[in-house]
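Input: a single structure, listed below in structure tokens.
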Amino acid sequence: MNKFKIGLVLLLILPYQFSFSQYLQGEGSKKFDALLQFINYAYVDSTNENELVEDAIVAVLKELDPHSVYIPEEELKKMNEPLVGNFEGIGIQFNILHDTLMVVSPISGGPSEKVGITAGDKIIEVDGVGIAGIGLQNSDVQDKLRGKKGTKVVVGIKRRTVKEILHFTITRDMIPIYSVDASYMATNEIGYIKINRFANNTDEEFKEGLNKLLAQNMKHLIIDLTGNGGGYLKTAIQLADEVLDDKKLIVYTEGTKNPKQEYYTTSKGGFEKGKLVILIDEGSASASEIVSGAIQDYDRGLIIGRRSFGKGLVQKPFTLPDGSAVRLTVARYYTPSGRCIQRPYDDGKEEYYKEFSRRYKNGEYMNEDSIALPDSLKFKTINSQRTVYGGGGIMPDIFVPIDTSLYSDYFGKVNRKGLFNDFVLIYLDSHRKDLLTNYSDITIFKNSFDAEKEVFDNFIAYADSNEVEKNEEQINISKKLILVRLKALIARNLWDTSAYFEIANELNNDYLKAIEEINNDTFKKEKLVYK
């Protein structure tokens with residue numbers, strides 16, 4: 001078994017079964033056992049020993065690093081679902097509008113689509129019980145519609161074109177959770193892929209999107225990792241392998257009790273030549289930083305955006321006897337040049353997670369010069385000897401500040417109240433058929449649909465009727481942002497999330513900068529490896 005496979009077994013795949021008594025044989029263990037006995041024997045009130053033990057575990061982990069955590073049994077499955085890549089249910093994307101469950105779209109190939117449920121349907125009954133007008137919450141929907149694969153549920157549907165309630169019997173099945181949000185051609189030569197997490201199925205989804213773009217004669221690629229908080233180490237390695245050539249060290253991990261493990265690329269890569277841009281921001285962490293760090297260290301592409309989160313710690317799951325678990329940090333990871341990206345956590349977890357507000361106060365989101373890193377954290381890239389930094393996230397090669405020029409209090413109010421989504425659902429309830437007739441695909445819609453003419457005034461009136469008073473000055477400030485948001489949401493509801501980003505990215509400065517840099521001579525000036 002090679003180093004790659006050994007590392008996956010050690011760090012990712014096998015939860016480790018053990019009991020505390022096996023390891024805690026010292027004075028600390030004896031003291032804790034004695035304390036529990038004294039409480040059970042003599043304490044004035046009744047106690048719950050399990051709760052006491054759980055509180056003790058949480059307190060112990062609090063003294064370690066910020067990413068070592070305790071997970072109760074009932075939460076474990078829910079936490080794993082986004083990374084495992086599926087759950088069991090009926091397969092719909094939904095919204096709750098005016099206390100009614102609206103089907104935004106059935107998931108392609110899922111059980112709801114198979115029985116004929118369509119976008120715009122309203123689910124008003126579940127197993128003969130009415131669910132409209134009862135104060136429905138997202139958690140209620142999950143409780144009623146999720147369930148074990150093979151079980152059945154009968155839903156009552158109100159469809160706009162049909163007077164009577166339609167009843168569908170749906171057999172629950174495994175429903176995929178997608179980690180690639182978008183893949184489309186940004187220009188005639190530049191492709192764009194957005195990844196929201198590094199899950200079990202990410203590599204397969206990425207390859208599917210990549211092959212689709214290559215079939216459209218893509219020459220250069222933007223991979224968007226903004227807001228991507230990470231996931232599986234193995235998936236980060238797989239993705240890096242797609243864009244780096246053979247026998248390149250991608251990352252290595254090392255801890256006091258875990259020997260150094262190195263992970264290398266193979267000869268199989270789908271995009272090893274061509275200009276490459278990775279988009280990152282303060283929400284890009286862990287696996288996102290592994291990929292970004294490797295690309296940067298080998299001068300394979302440009303990193304554009306803002307400094308990443310700074311999580312360079314590797315967690316391993318340990319299953320406890322009652323089915324709960326701890327995710328314990330066992331090693332640090334290092335980029336090929338030897339950079340540890342983990343930012344300091346000496347001041348405790350509470351201060352550690354205030355990093356976003358601290359960066360904002362320091363002006364880092366607006367000005368690259370506000371970031372002060374010591375010379376001791378300077379490293380050199382492997383091919384071009386460019387200066388890069390460790391010890392606090394990946395520093396982008398090209399900094400792009402947050403753009404707040406289109407933001408206003410008015411936009412903030414309508415956004416926080418969820419009025420964009422609500423308005424689009426109402427609009428599509430009566431216009432879906434005509435829109436799909438007039439705009440057969442996203443390209444035609446993108447080029448021809450005039451949001452200002454079709455929906456703008458109606459949206460402003462809708463917001464006014466929902467207690468967001470009209471403010472001409474602030475509306476004018478945010479008009480372009482409002483129009484793009486409405487158009488993108490309509491596109492998402494008519495097609496998919498890729499359609500949403502194809503329109504929303506018109507105002508994404510990171511994305512626009514990436515296209516600009518690919519089209520100019522920056523790659524040549526920086527001596528990047530792309531041919």
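Letters A, B, ... go to the chains of the structure tokens in the order shown; residues in each chain start at 1; ligands are counted from 1 in the same order.
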Who sits within 10 Å of Thr265 in chain A, only C-alpha atoms, same chain under 4 positions skipped, as a PDB file with N, CA and C atoms, in the first residue's frame:
ATOM      1  N   PHE A   4      -0.013   7.375  -0.212  1.00  0.00           N
ATOM      2  CA  PHE A   4      -1.310   8.023  -0.426  1.00  0.00           C
ATOM      3  C   PHE A   4      -2.428   7.238   0.238  1.00  0.00           C
ATOM      4  N   ILE A 237      -6.741  16.316  -2.318  1.00  0.00           N
ATOM      5  CA  ILE A 237      -5.640  15.685  -3.050  1.00  0.00           C
ATOM      6  C   ILE A 237      -6.087  15.307  -4.461  1.00  0.00           C
ATOM      7  N   GLN A 238      -7.288  14.752  -4.575  1.00  0.00           N
ATOM      8  CA  GLN A 238      -7.815  14.379  -5.892  1.00  0.00           C
ATOM      9  C   GLN A 238      -7.953  15.598  -6.798  1.00  0.00           C
ATOM     10  N   LEU A 239      -8.447  16.715  -6.235  1.00  0.00           N
ATOM     11  CA  LEU A 239      -8.643  17.910  -7.050  1.00  0.00           C
ATOM     12  C   LEU A 239      -7.307  18.492  -7.493  1.00  0.00           C
ATOM     13  N   ALA A 240      -6.346  18.574  -6.563  1.00  0.00           N
ATOM     14  CA  ALA A 240      -5.020  19.084  -6.924  1.00  0.00           C
ATOM     15  C   ALA A 240      -4.379  18.219  -8.000  1.00  0.00           C
ATOM     16  N   ASP A 241      -4.632  16.923  -7.941  1.00  0.00           N
ATOM     17  CA  ASP A 241      -4.078  15.988  -8.921  1.00  0.00           C
ATOM     18  C   ASP A 241      -4.621  16.253 -10.327  1.00  0.00           C
ATOM     19  N   GLU A 242      -5.798  16.851 -10.408  1.00  0.00           N
ATOM     20  CA  GLU A 242      -6.400  17.139 -11.712  1.00  0.00           C
ATOM     21  C   GLU A 242      -5.695  18.276 -12.445  1.00  0.00           C
ATOM     22  N   VAL A 243      -5.000  19.147 -11.698  1.00  0.00           N
ATOM     23  CA  VAL A 243      -4.420  20.347 -12.330  1.00  0.00           C
ATOM     24  C   VAL A 243      -2.905  20.417 -12.217  1.00  0.00           C
ATOM     25  N   LEU A 244      -2.278  19.500 -11.468  1.00  0.00           N
ATOM     26  CA  LEU A 244      -0.817  19.439 -11.350  1.00  0.00           C
ATOM     27  C   LEU A 244      -0.313  18.195 -12.065  1.00  0.00           C
ATOM     28  N   ASP A 245       0.892  18.284 -12.654  1.00  0.00           N
ATOM     29  CA  ASP A 245       1.395  17.121 -13.370  1.00  0.00           C
ATOM     30  C   ASP A 245       1.994  16.093 -12.410  1.00  0.00           C
ATOM     31  N   ASP A 246       2.600  15.062 -12.955  1.00  0.00           N
ATOM     32  CA  ASP A 246       2.967  13.842 -12.234  1.00  0.00           C
ATOM     33  C   ASP A 246       4.034  14.058 -11.159  1.00  0.00           C
ATOM     34  N   LYS A 247       3.926  13.284 -10.070  1.00  0.00           N
ATOM     35  CA  LYS A 247       4.939  13.158  -9.023  1.00  0.00           C
ATOM     36  C   LYS A 247       5.231  14.471  -8.303  1.00  0.00           C
ATOM     37  N   LYS A 248       4.205  15.277  -8.101  1.00  0.00           N
ATOM     38  CA  LYS A 248       4.332  16.513  -7.338  1.00  0.00           C
ATOM     39  C   LYS A 248       3.802  16.296  -5.921  1.00  0.00           C
ATOM     40  N   LEU A 249       4.570  16.737  -4.925  1.00  0.00           N
ATOM     41  CA  LEU A 249       4.094  16.702  -3.542  1.00  0.00           C
ATOM     42  C   LEU A 249       2.962  17.713  -3.407  1.00  0.00           C
ATOM     43  N   ILE A 250       1.787  17.266  -3.005  1.00  0.00           N
ATOM     44  CA  ILE A 250       0.635  18.156  -2.852  1.00  0.00           C
ATOM     45  C   ILE A 250       0.599  18.755  -1.451  1.00  0.00           C
ATOM     46  N   VAL A 251       0.784  17.898  -0.459  1.00  0.00           N
ATOM     47  CA  VAL A 251       0.690  18.308   0.936  1.00  0.00           C
ATOM     48  C   VAL A 251       1.337  17.230   1.786  1.00  0.00           C
ATOM     49  N   GLY A 269      -4.381  13.590 -14.881  1.00  0.00           N
ATOM     50  CA  GLY A 269      -4.891  14.916 -14.583  1.00  0.00           C
ATOM     51  C   GLY A 269      -5.679  15.461 -15.757  1.00  0.00           C
TER      52      GLY A 269
END
Practice item. Going by DSSP on the backbone, which bits of range 200-374 of chain A are alpha helix (DSSP H)? Write them as number ranges by chain, please. Key: A: 202-214, 233-243, 287-297, 349-352, 355-361
Review point. Rounded to one decimal in Å, what is the spacing between CA of Asp375 in chain A and CA of Ala287 in chain A?
Key: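 CA of Ala287 in chain A lies at a distance of 25.5 Å from CA of Asp375 in chain A.
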Review point. Which residue gives the smallest distance to Glu364 in chain A among A:Phe420, A:Tyr334, A:Tyr352, A:Phe399, with only C-alpha atoms counted?
Key: A:Phe399
Point to revise | Spatial neighbours of Asn188 in chain A, max dist 9 Å, only C-alpha atoms, sep filter under 2 positions, as a PyMOL selection string | key: chain A and resi 185-186+190-191+216-219
Write the residues of the selection above to a file with C-alpha atoms, as a PDB file, in the first residue's frame.
ATOM      1  CA  MET A 185     -18.068  28.858 -20.046  1.00  0.00           C
ATOM      2  CA  ALA A 186     -17.296  32.366 -18.784  1.00  0.00           C
ATOM      3  CA  ILE A 190     -12.378  30.422 -20.160  1.00  0.00           C
ATOM      4  CA  GLY A 191     -14.306  27.917 -18.074  1.00  0.00           C
ATOM      5  CA  GLN A 216     -16.699  23.308 -25.472  1.00  0.00           C
ATOM      6  CA  ASN A 217     -13.029  24.026 -26.331  1.00  0.00           C
ATOM      7  CA  MET A 218     -12.083  25.491 -22.955  1.00  0.00           C
ATOM      8  CA  LYS A 219      -8.425  26.589 -22.838  1.00  0.00           C
TER       9      LYS A 219
END
**Study point:** Within 9 Å of Arg386 in chain A using only C-alpha atoms, minus same-chain residues under 4 positions, as number ranges by chain
**Key:** A: 297, 299, 379-382, 526
Practice item. Would you list, as a ChimeraX atom specification, the residues of range 250-499 of chain A that end up in strand (DSSP E or B) under DSSP run on this structure's backbone? Key: /A:250-255,258-264,276-280,302-305,313-319,325-334,340,378-380,387-389,398-399
Point to revise | Within 10 Å of His67 in chain A using only C-alpha atoms, minus same-chain residues under 3 positions, as a count of residues only | key: 12
Exercise for review: Could you tell me how far CA of Glu452 in chain A lies from CA of Leu512 in chain A, in Å and to one decimal?
Suggested key: 22.8 Å
Review point. Pick from A:Ile280, A:Leu52, A:Ile515, A:Ala285: nearest to Met395 in chain A, with only C-alpha atoms counted?
Key: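 Using only C-alpha atoms, the shortest distance to Met395 in chain A belongs to A:Ile280.
Distances to Glu517 in chain A were evaluated for A:Gly418, A:Lys257, A:Leu221, A:Gly310 using only C-alpha atoms, and the minimum falls at A:Leu221.
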Check your understanding: Got a sec: who's within 6 Å of range 116-123 of chain A, counting only C-alpha atoms, leaving out chain neighbours fewer than 2 positions off, as a PyMOL selection string?
Key -> chain A and resi 101-105+112-114+125+156-159+429
Quick one: write out the picked residues with C-alpha atoms as a PDB file, in the first residue's frame?
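Done, and the output landed in again_17.pdb:
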ATOM      1  CA  LEU A 101     -44.372  24.527   1.271  1.00  0.00           C
ATOM      2  CA  MET A 102     -43.343  25.444  -2.286  1.00  0.00           C
ATOM      3  CA  VAL A 103     -41.367  23.087  -4.525  1.00  0.00           C
ATOM      4  CA  VAL A 104     -38.561  25.173  -6.024  1.00  0.00           C
ATOM      5  CA  SER A 105     -37.481  22.194  -8.119  1.00  0.00           C
ATOM      6  CA  SER A 112     -40.278  13.270  -6.599  1.00  0.00           C
ATOM      7  CA  GLU A 113     -39.309  13.940 -10.194  1.00  0.00           C
ATOM      8  CA  LYS A 114     -40.012  10.308 -11.079  1.00  0.00           C
ATOM      9  CA  GLU A 125     -50.791  17.550   2.796  1.00  0.00           C
ATOM     10  CA  GLY A 156     -51.163  16.285  -1.474  1.00  0.00           C
ATOM     11  CA  ILE A 157     -50.228  18.813  -4.148  1.00  0.00           C
ATOM     12  CA  LYS A 158     -51.979  22.046  -5.142  1.00  0.00           C
ATOM     13  CA  ARG A 159     -51.007  22.807  -8.745  1.00  0.00           C
ATOM     14  CA  ASP A 429     -46.026  30.776  -9.977  1.00  0.00           C
TER      15      ASP A 429
END
Review point. Got a sec: who's within 9 Å of Asn493 in chain A, counting only C-alpha atoms, leaving out chain neighbours fewer than 2 positions off, as a VMD selection string?
Key: chain A and resid 104 to 105 119 424 to 425 428 488 to 491 495 to 497 499 to 500
C-alpha atoms of the current selection, written as a compact mmCIF listing (two decimals), in the first residue's frame:
# COMPACT_ATOMS: atom_id res chain seq x y z
CA VAL A 104 -38.56 25.17 -6.02
CA SER A 105 -37.48 22.19 -8.12
CA ALA A 119 -41.39 23.16 -9.85
CA VAL A 424 -39.43 35.28 -7.33
CA LEU A 425 -41.54 32.32 -6.17
CA LEU A 428 -42.76 32.20 -11.25
CA ALA A 488 -30.17 35.26 -11.07
CA LEU A 489 -32.83 33.85 -8.72
CA ILE A 490 -35.32 33.51 -11.56
CA ALA A 491 -32.66 31.65 -13.56
CA TRP A 495 -32.82 25.82 -14.40
CA ASP A 496 -30.19 25.22 -11.68
CA THR A 497 -27.55 26.82 -9.42
CA ALA A 499 -27.54 29.35 -14.08
CA TYR A 500 -27.69 31.45 -10.91
Point to revise | Closest of A:Asp322, A:Asp347, A:Asp441, A:Asp33 to Pro66 in chain A - atom-to-atom distances counting only C-alpha atoms | key: A:Asp347
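Separating CA of Glu254 in chain A from CA of Pro344 in chain A is a distance of 17.1 Å.
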Check your understanding: Nearest to Leu276 in chain A: which of A:Asp203, A:Asp224, A:Glu368, A:Asp450 is it, counting only C-alpha atoms?
Key -> A:Asp224
